[in-house]
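One structure is given below, encoded as structure tokens.
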Amino acid sequence: MEAYTAESGGMPQLNPEFWVSQIFWLILTFGTLLIVLSKLILPKISANLESRKSQILENIEAAEKQRKESELKIKEFDDLVAKSKIEAKNILAQAREKVQKDITSKRETLDKQLDEEIKKAEDEISALRKNAPEKINKIAIDTSSELVKKLIGADVNASSISAIVDDLSKRNGDKYYGN
């Protein structure tokens with residue numbers, strides 16, 4: 001068998017006489033590479049993967065914890081809002097009730113004052129009604145005396161004019177004074 005050399009144009013790796021040395025170097029190279037990978041690189045990769053896995057788990061746990069805390073805070077907030085609404089309704093109801101009481105109280109006071117004013121006005125009207133015929137009669141007597149004095153130039157007896165005015169007012173008094 002002829003040796004494969006570069007001059008002969010063959011490939012030495014296919015020559016069976018070099019196979020043993022090639023297998024030796026292959027085993028030695030891959031064994032060294034396997035030892036380096038398994039002792040140095042793979043533990044670092046494995047440790048890195050484990051730290052990432054634990055970090056991810058921690059992040060998931062922290063996120064879950066924060067989610068629960070957020071849900072609790074939202075529930076507390078909703079409870080606070082509900083309580084605030086109830087308190088606001090109560091305060092509004094109390095204020096409305098107080099205003100209603102104040103209005104009622106002021107209305108009652110105003111009604112009393114109006115009733116008193118109406119009673120005073122009615123009393124004054126009643127007093128004026130009672131005194132009106134007398135005053136009207138007096139004015140009529142005075143005016144009649146003056147007119148008669150000017151018309152005839154002589155004084156007329158005040159008692160006769162008074163009797164005439166009284167007589168007329170008695171006859172027509174109901175018509176004028178509502179008596």
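Letters for chains follow the order of the structure tokens (A, B, ...), residue numbers begin at 1 for each chain, and ligand numbers begin at 1 in the order shown.
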Each region 53-159 of chain A residue no farther than 12 Å from region 29-47 of chain A, nearest pair in Å, only C-alpha atoms, as JSON lines:
```
{"residue": "A:Lys53", "atom": "CA", "partner": "A:Ala47", "partner_atom": "CA", "distance": 9.6}
{"residue": "A:Ser54", "atom": "CA", "partner": "A:Ala47", "partner_atom": "CA", "distance": 10.3}
{"residue": "A:Gln55", "atom": "CA", "partner": "A:Ala47", "partner_atom": "CA", "distance": 11.8}
```
Resulting file, chosen residues, N, CA and C atoms, as a CSV table (one decimal), in the first residue's frame:
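again-v2.csv was written with the following content:
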```
chain,number,residue,atom,x,y,z
A,53,LYS,N,-33.1,31.2,37.8
A,53,LYS,CA,-34.4,30.5,38.2
A,53,LYS,C,-34.8,31.0,39.6
A,54,SER,N,-33.9,31.0,40.5
A,54,SER,CA,-34.3,31.5,41.9
A,54,SER,C,-34.7,33.0,41.9
A,55,GLN,N,-34.0,33.8,41.1
A,55,GLN,CA,-34.3,35.2,40.9
A,55,GLN,C,-35.7,35.3,40.3
```
Compile a residue-level contact table for region 9-89 of chain A against region 95-106 of chain A at a cut-off of 12 Å, reporting for every qualifying residue the shortest atom pair and its distance in Å to one decimal, with only C-alpha atoms counted, rows ordered by chain and ascending number, as CSV.
```
residue,atom,partner,partner_atom,distance
A:Glu87,CA,A:Ala95,CA,11.9
A:Ala88,CA,A:Ala95,CA,10.2
A:Lys89,CA,A:Ala95,CA,9.7
```
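Going from CA of Asn137 (chain A) over to CA of Ser169 (chain A), you cover 7.6 Å.
When CA of Lys170 (chain A) is paired with CA of Ile136 (chain A), their separation reads 12.4 Å.
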Query raised in the report: Per DSSP on the backbone, what are the alpha helix (DSSP H) residues of chain A, as a PyMOL selection string?
Result: chain A and resi 19-36+42-152+158-177
Report task. Figure out the distance between CA of Ile161 (chain A) and CA of Ser145 (chain A), please, to one decimal in Å. Result ->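 Distance reported for this atom pair: 7.1 Å.
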Requested in this report: Tell me, as number ranges by chain, which residues lie within 12 Å of Ala140 (chain A), counting only C-alpha atoms; anything in the same chain fewer than 3 positions away does not count.
Outcome: A: 132-137, 143-148, 158, 161-166, 168-169
Kindly save the residues from that selection, with N, CA, C and O atoms included, as a tab-separated table (two decimals), in the first residue's frame.
```tsv
chain	number	residue	atom	x	y	z
A	132	ALA	N	-115.05	105.48	64.66
A	132	ALA	CA	-115.29	106.22	63.41
A	132	ALA	C	-116.63	106.95	63.40
A	132	ALA	O	-116.68	108.13	63.02
A	133	PRO	N	-117.74	106.31	63.81
A	133	PRO	CA	-119.01	107.05	63.77
A	133	PRO	C	-118.99	108.31	64.65
A	133	PRO	O	-119.51	109.35	64.25
A	134	GLU	N	-118.36	108.19	65.80
A	134	GLU	CA	-118.31	109.35	66.70
A	134	GLU	C	-117.48	110.47	66.07
A	134	GLU	O	-117.89	111.64	66.09
A	135	LYS	N	-116.34	110.07	65.49
A	135	LYS	CA	-115.48	111.09	64.88
A	135	LYS	C	-116.15	111.68	63.66
A	135	LYS	O	-116.09	112.90	63.43
A	136	ILE	N	-116.80	110.82	62.88
A	136	ILE	CA	-117.49	111.32	61.69
A	136	ILE	C	-118.63	112.25	62.11
A	136	ILE	O	-118.84	113.32	61.51
A	137	ASN	N	-119.35	111.86	63.15
A	137	ASN	CA	-120.43	112.71	63.65
A	137	ASN	C	-119.89	114.05	64.12
A	137	ASN	O	-120.47	115.10	63.86
A	143	THR	N	-118.58	120.68	60.72
A	143	THR	CA	-118.68	121.16	59.34
A	143	THR	C	-120.07	121.79	59.10
A	143	THR	O	-120.18	122.85	58.47
A	144	SER	N	-121.10	121.14	59.62
A	144	SER	CA	-122.47	121.66	59.44
A	144	SER	C	-122.60	123.01	60.13
A	144	SER	O	-123.23	123.94	59.59
A	145	SER	N	-122.06	123.13	61.32
A	145	SER	CA	-122.13	124.40	62.04
A	145	SER	C	-121.44	125.49	61.24
A	145	SER	O	-121.97	126.61	61.12
A	146	GLU	N	-120.31	125.19	60.70
A	146	GLU	CA	-119.56	126.18	59.91
A	146	GLU	C	-120.35	126.57	58.65
A	146	GLU	O	-120.43	127.74	58.30
A	147	LEU	N	-120.92	125.54	57.98
A	147	LEU	CA	-121.67	125.83	56.76
A	147	LEU	C	-122.92	126.69	57.04
A	147	LEU	O	-123.21	127.65	56.33
A	148	VAL	N	-123.64	126.30	58.08
A	148	VAL	CA	-124.85	127.06	58.42
A	148	VAL	C	-124.47	128.49	58.82
A	148	VAL	O	-125.14	129.45	58.44
A	158	ALA	N	-125.64	124.19	68.66
A	158	ALA	CA	-124.83	122.99	68.39
A	158	ALA	C	-125.60	121.75	68.76
A	158	ALA	O	-125.45	120.71	68.13
A	161	ILE	N	-127.96	120.73	65.81
A	161	ILE	CA	-127.19	120.13	64.71
A	161	ILE	C	-126.76	118.74	65.12
A	161	ILE	O	-126.84	117.79	64.34
A	162	SER	N	-126.34	118.59	66.35
A	162	SER	CA	-125.90	117.29	66.87
A	162	SER	C	-127.05	116.30	66.83
A	162	SER	O	-126.87	115.14	66.45
A	163	ALA	N	-128.25	116.71	67.16
A	163	ALA	CA	-129.42	115.82	67.14
A	163	ALA	C	-129.74	115.40	65.72
A	163	ALA	O	-130.06	114.24	65.45
A	164	ILE	N	-129.64	116.32	64.77
A	164	ILE	CA	-129.92	116.00	63.37
A	164	ILE	C	-128.89	115.00	62.83
A	164	ILE	O	-129.22	114.01	62.19
A	165	VAL	N	-127.60	115.24	63.10
A	165	VAL	CA	-126.53	114.34	62.63
A	165	VAL	C	-126.68	112.97	63.27
A	165	VAL	O	-126.55	111.95	62.60
A	166	ASP	N	-127.00	112.94	64.57
A	166	ASP	CA	-127.20	111.65	65.25
A	166	ASP	C	-128.37	110.89	64.63
A	166	ASP	O	-128.29	109.68	64.42
A	168	LEU	N	-129.55	111.15	61.56
A	168	LEU	CA	-129.16	110.67	60.21
A	168	LEU	C	-128.20	109.49	60.31
A	168	LEU	O	-128.30	108.54	59.53
A	169	SER	N	-127.28	109.57	61.23
A	169	SER	CA	-126.31	108.48	61.33
A	169	SER	C	-126.97	107.21	61.83
A	169	SER	O	-126.60	106.11	61.45
```
